[in-house]
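Participant: Below is the file final-v2.txt, with compact mmCIF, C-alpha atoms.
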# COMPACT_ATOMS: atom_id res chain seq x y z
CA MET A 1085 63.99 121.43 101.72
CA VAL A 1086 62.56 118.38 103.38
CA ASP A 1087 64.56 116.03 101.23
CA ALA A 1088 67.77 117.96 100.65
CA ASP A 1089 69.71 114.87 99.60
CA PRO A 1090 67.36 111.91 99.87
CA GLY A 1091 68.91 109.73 97.21
CA LEU A 1092 70.40 106.37 97.91
CA SER A 1093 73.90 106.17 96.53
CA GLY A 1094 76.72 103.72 96.21
CA GLU A 1095 76.77 100.24 94.80
CA PRO A 1096 73.85 98.53 96.48
CA SER A 1097 73.85 94.86 97.31
CA ALA A 1098 71.23 92.70 95.66
CA ASP A 1099 68.71 93.59 98.38
CA GLY A 1100 69.77 97.27 98.56
CA SER A 1101 70.86 97.03 102.19
CA ASP A 1102 74.24 98.73 101.61
CA ALA A 1103 72.59 101.78 100.07
CA LEU A 1104 69.98 101.88 102.83
CA GLU A 1105 72.71 101.66 105.47
CA GLN A 1106 74.52 104.62 103.86
CA PHE A 1107 71.26 106.54 103.71
CA VAL A 1108 70.59 105.92 107.41
CA GLU A 1109 74.12 106.97 108.35
CA ARG A 1110 73.75 110.19 106.37
CA HIS A 1111 70.12 111.06 107.16
CA GLY A 1112 69.11 109.09 110.25
CA ALA A 1113 69.63 111.91 112.76
CA HIS A 1114 67.69 114.35 110.58
CA LEU A 1115 64.84 111.86 110.14
CA TYR A 1116 64.64 111.48 113.90
CA ARG A 1117 64.69 115.26 114.55
CA LEU A 1118 62.01 115.78 111.91
CA ALA A 1119 59.81 113.06 113.44
CA LEU A 1120 60.39 114.52 116.91
CA HIS A 1121 59.45 118.05 115.84
CA ILE A 1122 56.23 116.86 114.24
CA SER A 1123 55.18 114.21 116.77
CA GLY A 1124 56.29 116.08 119.88
CA ALA A 1125 57.28 112.86 121.68
CA GLU A 1126 60.65 111.08 121.70
CA SER A 1127 59.15 107.60 121.89
CA ASP A 1128 56.79 108.32 118.99
CA ALA A 1129 59.61 109.78 116.90
CA MET A 1130 61.84 106.77 117.46
CA GLY A 1131 58.98 104.40 116.62
CA VAL A 1132 58.14 106.30 113.44
CA VAL A 1133 61.73 106.17 112.18
CA GLU A 1134 62.14 102.49 113.11
CA ASP A 1135 58.86 101.50 111.46
CA THR A 1136 59.70 103.44 108.30
CA LEU A 1137 63.18 101.92 108.07
CA GLN A 1138 61.78 98.41 108.60
CA ALA A 1139 59.36 99.03 105.75
CA ALA A 1140 62.26 100.35 103.67
CA VAL A 1141 64.31 97.20 104.28
CA ALA A 1142 61.37 95.11 103.13
CA THR A 1143 60.92 97.03 99.87
CA ILE A 1144 64.31 98.43 98.84
CA GLY A 1145 65.26 95.46 96.68
CA SER A 1146 62.26 96.05 94.43
CA CYS A 1147 62.79 99.79 94.06
CA ALA A 1148 63.43 100.86 90.48
CA ASP A 1149 64.44 104.47 91.28
CA PRO A 1150 66.81 104.85 94.28
CA SER A 1151 66.46 108.65 94.40
CA ALA A 1152 62.68 108.35 94.65
CA PHE A 1153 63.12 105.79 97.42
CA GLY A 1154 64.97 108.31 99.59
CA SER A 1155 62.16 110.82 99.11
CA TRP A 1156 59.67 108.09 100.01
CA ILE A 1157 61.48 107.49 103.32
CA TYR A 1158 61.33 111.19 104.24
CA ARG A 1159 57.67 111.46 103.30
CA SER A 1160 56.84 108.28 105.20
CA VAL A 1161 58.49 109.59 108.36
CA ILE A 1162 56.68 112.93 108.06
CA ARG A 1163 53.30 111.32 107.37
CA SER A 1164 53.62 108.75 110.16
CA ALA A 1165 54.71 111.37 112.71
CA HIS A 1166 51.86 113.63 111.65
CA ASP A 1167 49.26 110.85 111.79
CA GLY A 1168 50.48 109.72 115.19
CA ARG A 1169 50.24 113.24 116.54
CA ALA A 1170 46.74 113.66 115.14
CA ARG A 1171 45.59 110.40 116.78
CA ARG A 1172 47.28 111.15 120.10
CA ARG A 1173 46.19 114.78 120.42
CA PRO A 1174 43.00 115.46 118.54
CA VAL A 1175 42.25 119.16 118.91
CA ASP A 1176 39.28 121.15 117.76
CA THR A 1177 40.61 123.67 115.24
CA ALA A 1178 38.05 126.18 116.53
CA VAL A 1179 40.52 126.85 119.35
CA LEU A 1180 42.57 128.81 116.79
CA ASP A 1181 39.67 131.23 116.30
CA ASP A 1182 39.76 132.12 119.99
CA VAL A 1183 43.32 133.44 119.89
CA VAL A 1184 43.80 134.81 116.38
CA PRO A 1185 43.56 138.58 116.80
CA PRO A 1186 40.89 140.47 114.88
CA LEU A 1187 41.78 142.89 112.12
CA ASN A 1188 41.41 146.60 112.78
CA ALA A 1189 39.63 149.00 110.40
CA ASP A 1190 42.77 149.27 108.24
CA GLY A 1191 42.91 145.52 107.74
CA HIS A 1192 45.93 145.03 110.02
CA PHE A 1193 46.35 143.25 113.31
CA GLU A 1194 46.49 145.29 116.47
CA PRO A 1195 50.01 145.64 117.92
CA MET A 1196 51.03 142.84 120.24
CA ILE A 1197 53.44 142.85 123.14
CA ASP A 1198 57.14 142.79 122.14
CA TRP A 1199 58.51 139.87 124.13
CA SER A 1200 61.79 139.59 122.25
CA GLY A 1201 63.95 140.48 125.26
CA ARG A 1202 63.56 137.15 127.02
CA ILE A 1203 65.12 134.48 124.81
CA GLU A 1204 64.88 131.55 127.22
CA ARG A 1205 61.25 132.28 128.02
CA GLN A 1206 60.61 132.70 124.32
CA ALA A 1207 61.95 129.26 123.54
CA GLN A 1208 59.89 127.56 126.23
CA ALA A 1209 56.75 129.48 125.34
CA PHE A 1210 57.35 128.89 121.63
CA VAL A 1211 57.62 125.13 122.11
CA ALA A 1212 54.49 125.15 124.28
CA ALA A 1213 52.56 127.17 121.69
CA ILE A 1214 53.57 124.87 118.84
CA ASP A 1215 52.63 121.88 120.99
CA GLU A 1216 49.06 123.22 121.26
CA LEU A 1217 48.55 123.34 117.49
CA PRO A 1218 46.38 120.72 115.81
CA ALA A 1219 48.46 118.13 113.94
CA ASP A 1220 47.85 119.50 110.41
CA TYR A 1221 48.79 123.01 111.47
CA ARG A 1222 51.84 121.87 113.45
CA THR A 1223 53.10 119.72 110.59
CA ALA A 1224 52.64 122.50 108.03
CA LEU A 1225 54.41 125.04 110.26
CA ILE A 1226 57.37 122.80 111.04
CA LEU A 1227 57.80 121.60 107.47
CA HIS A 1228 57.61 125.09 106.01
CA ASP A 1229 59.25 127.33 108.62
CA VAL A 1230 61.76 124.90 110.12
CA GLU A 1231 62.50 122.40 107.36
CA GLY A 1232 62.07 124.75 104.39
CA ALA A 1233 59.58 122.58 102.52
CA SER A 1234 57.50 124.26 99.86
CA LYS A 1235 53.74 124.60 100.16
CA VAL A 1236 53.41 122.23 97.20
CA GLU A 1237 55.45 119.57 99.01
CA ILE A 1238 53.44 120.03 102.19
CA ALA A 1239 50.16 119.79 100.30
CA GLU A 1240 51.29 116.51 98.78
CA ILE A 1241 52.39 115.13 102.15
CA LEU A 1242 49.18 116.15 103.93
CA GLY A 1243 46.94 115.12 101.05
CA THR A 1244 45.44 118.57 100.53
CA ASP A 1245 45.96 121.54 98.23
CA VAL A 1246 48.26 124.57 98.36
CA PRO A 1247 45.62 127.15 99.42
CA VAL A 1248 44.70 124.98 102.40
CA VAL A 1249 48.38 124.70 103.36
CA ALA A 1250 48.82 128.47 103.02
CA ALA A 1251 45.78 129.07 105.24
CA ARG A 1252 47.03 126.58 107.84
CA LEU A 1253 50.47 128.19 107.88
CA HIS A 1254 48.98 131.64 108.31
CA ARG A 1255 46.64 130.55 111.10
CA ALA A 1256 49.37 128.52 112.83
CA ARG A 1257 51.70 131.52 112.85
CA LEU A 1258 48.97 133.78 114.20
CA PHE A 1259 48.10 131.21 116.86
CA VAL A 1260 51.74 130.93 117.99
CA ARG A 1261 52.17 134.70 117.94
CA SER A 1262 49.03 135.22 119.97
CA ARG A 1263 49.98 132.55 122.51
CA LEU A 1264 53.41 134.12 122.90
CA SER A 1265 51.95 137.59 123.32
CA ARG A 1266 49.50 136.33 125.92
CA HIS A 1267 52.29 134.51 127.74
CA PHE A 1268 54.55 137.54 127.87
CA GLU A 1269 51.81 139.98 128.83
CA HIS A 1270 52.01 138.29 132.20
CA ALA A 1271 55.82 138.15 132.36
CA SER A 1272 57.72 140.17 134.91
CA PHE A 1273 59.18 142.81 132.61
CA THR A 1274 57.98 146.01 131.05
CA PRO A 1275 56.94 145.19 127.50
CA SER A 1276 56.74 147.51 124.55
CA THR A 1277 54.33 147.08 121.66
CA ALA A 1278 55.50 145.84 118.28
Since I need it in another form, could you write the structure as structure tokens?
Facilitator:
Amino acid sequence: MVDADPGLSGEPSADGSDALEQFVERHGAHLYRLALHISGAESDAMGVVEDTLQAAVATIGSCADPSAFGSWIYRSVIRSAHDGRARRRPVDTAVLDDVVPPLNADGHFEPMIDWSGRIERQAQAFVAAIDELPADYRTALILHDVEGASKVEIAEILGTDVPVVAARLHRARLFVRSRLSRHFEHASFTPSTA
């Protein structure tokens, strides 16, 4: 889940700073990794987390529900990282149509090259393929497949509905798969088809 344990605990001071400090100690590294995965840039990720925590300091004293406040911090980091990525790298989503393989007569995708034998190349190619995704697709893929967020949670974060999230996940996976297959078609090993 995106917010596995987002609650603020302990006896907070009047302004809530003790609880926020505990929250940052417990979840700060995860918030940063999440922002980095979505934004794709270390400086952006650090800025997103810092900005969100500054906003949290300003509002924690007025928060009536500490557990909801922790969820708000996670969602703020995700949304800010996503928005920053979308502003920094606007991409025409039509590019996905160019690489998503067509269905055959049986309604299945044609076999693609099995590139599973080269782990290091896979990792580099995988990161590069994810980096090419438009922000909405990248965010949906990372939240669902890496962070374990539900489609309902992702729809809420991205301000859309569940069918749109499902379609974006499907297209993002096909895009990454196609990019990886294309990359490894040109690799220096004898591939087999999957």
Participant: Please indicate the distance in Å from CA of Asp1245 in chain A to CA of Ile1162 in chain A, rounded to one decimal place.
Facilitator: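 Taking CA of Asp1245 in chain A and CA of Ile1162 in chain A, their separation equals 16.9 Å.
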Participant: Report, in Å to a single decimal, how far apart CA of Ile1122 in chain A and CA of Gln1208 in chain A are.
Facilitator: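 Answer for the CA of Gln1208 in chain A to CA of Ile1122 in chain A separation: 16.5 Å.
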Participant: Please identify all polymer residues within 12 Å of Glu1231 in chain A, counting all atoms listed in the file, omitting same-chain residues fewer than 2 positions from it, and present them as a list in words.
Facilitator: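 After dropping sequence-adjacent residues, the list is Met1085, Val1086, Asp1087, Ala1088, His1114, Leu1115, Arg1117, Leu1118, Ala1119, His1121, Ile1122, Tyr1158, Ile1162, Thr1223, Ala1224, Leu1225, Ile1226, Leu1227, His1228, Asp1229, Ala1233, Ser1234, Lys1235, Glu1237 and Ile1238 of chain A.
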Participant: Of the residues A:His1254, A:Ser1262, A:Ser1160, A:Val1108, which is the one nearest to Glu1240 in chain A, using only C-alpha atoms?
Facilitator: A:Ser1160
Participant: What does the structure give for the distance between CA of Asp1190 in chain A and CA of Ala1251 in chain A, in Å to one decimal?
Facilitator: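 Between CA of Asp1190 in chain A and CA of Ala1251 in chain A the gap is 20.6 Å.
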Participant: Taking into account all atoms listed in the file, which residue in the set A:Val1236, A:Leu1253, A:Asp1128, A:Arg1261 is nearest to Pro1195 in chain A?
Facilitator: A:Arg1261
Participant: Listed atoms of range 1224-1231 of chain A, axis-aligned box, 5 Å per side: centre and edge lengths to one decimal in Å, as lines of an AutoDock Vina configuration file?
Facilitator:
center_x = 57.6
center_y = 124.5
center_z = 108.5
size_x = 19.9
size_y = 15.7
size_z = 15.0
Participant: So which one's closest to Leu1137 in chain A, A:Val1248, A:Leu1217, A:Met1196, A:Val1161? Using all atoms listed in the file, please.
Facilitator: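 Under the stated criterion, the closest residue is A:Val1161.
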Participant: Measuring between only C-alpha atoms, which one of A:Phe1107, A:Val1132, A:Phe1193, A:His1166 shows the shortest distance to Phe1153 in chain A?
Facilitator: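 Under the stated criterion, the closest residue is A:Phe1107.
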Participant: Considering all atoms listed in the file, state which residue in the set A:Arg1172, A:Arg1255, A:His1270, A:Arg1159 is at the smallest distance from Ala1239 in chain A.
Facilitator: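 So, comparing all the options, the nearest one is A:Arg1159.
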Participant: Measuring atom to atom with only C-alpha atoms, identify which of A:Gly1191, A:Gly1112, A:Gly1168, A:Pro1247 is nearest to Ala1219 in chain A.
Facilitator: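 Of the candidates, the smallest distance to Ala1219 in chain A is held by A:Gly1168.
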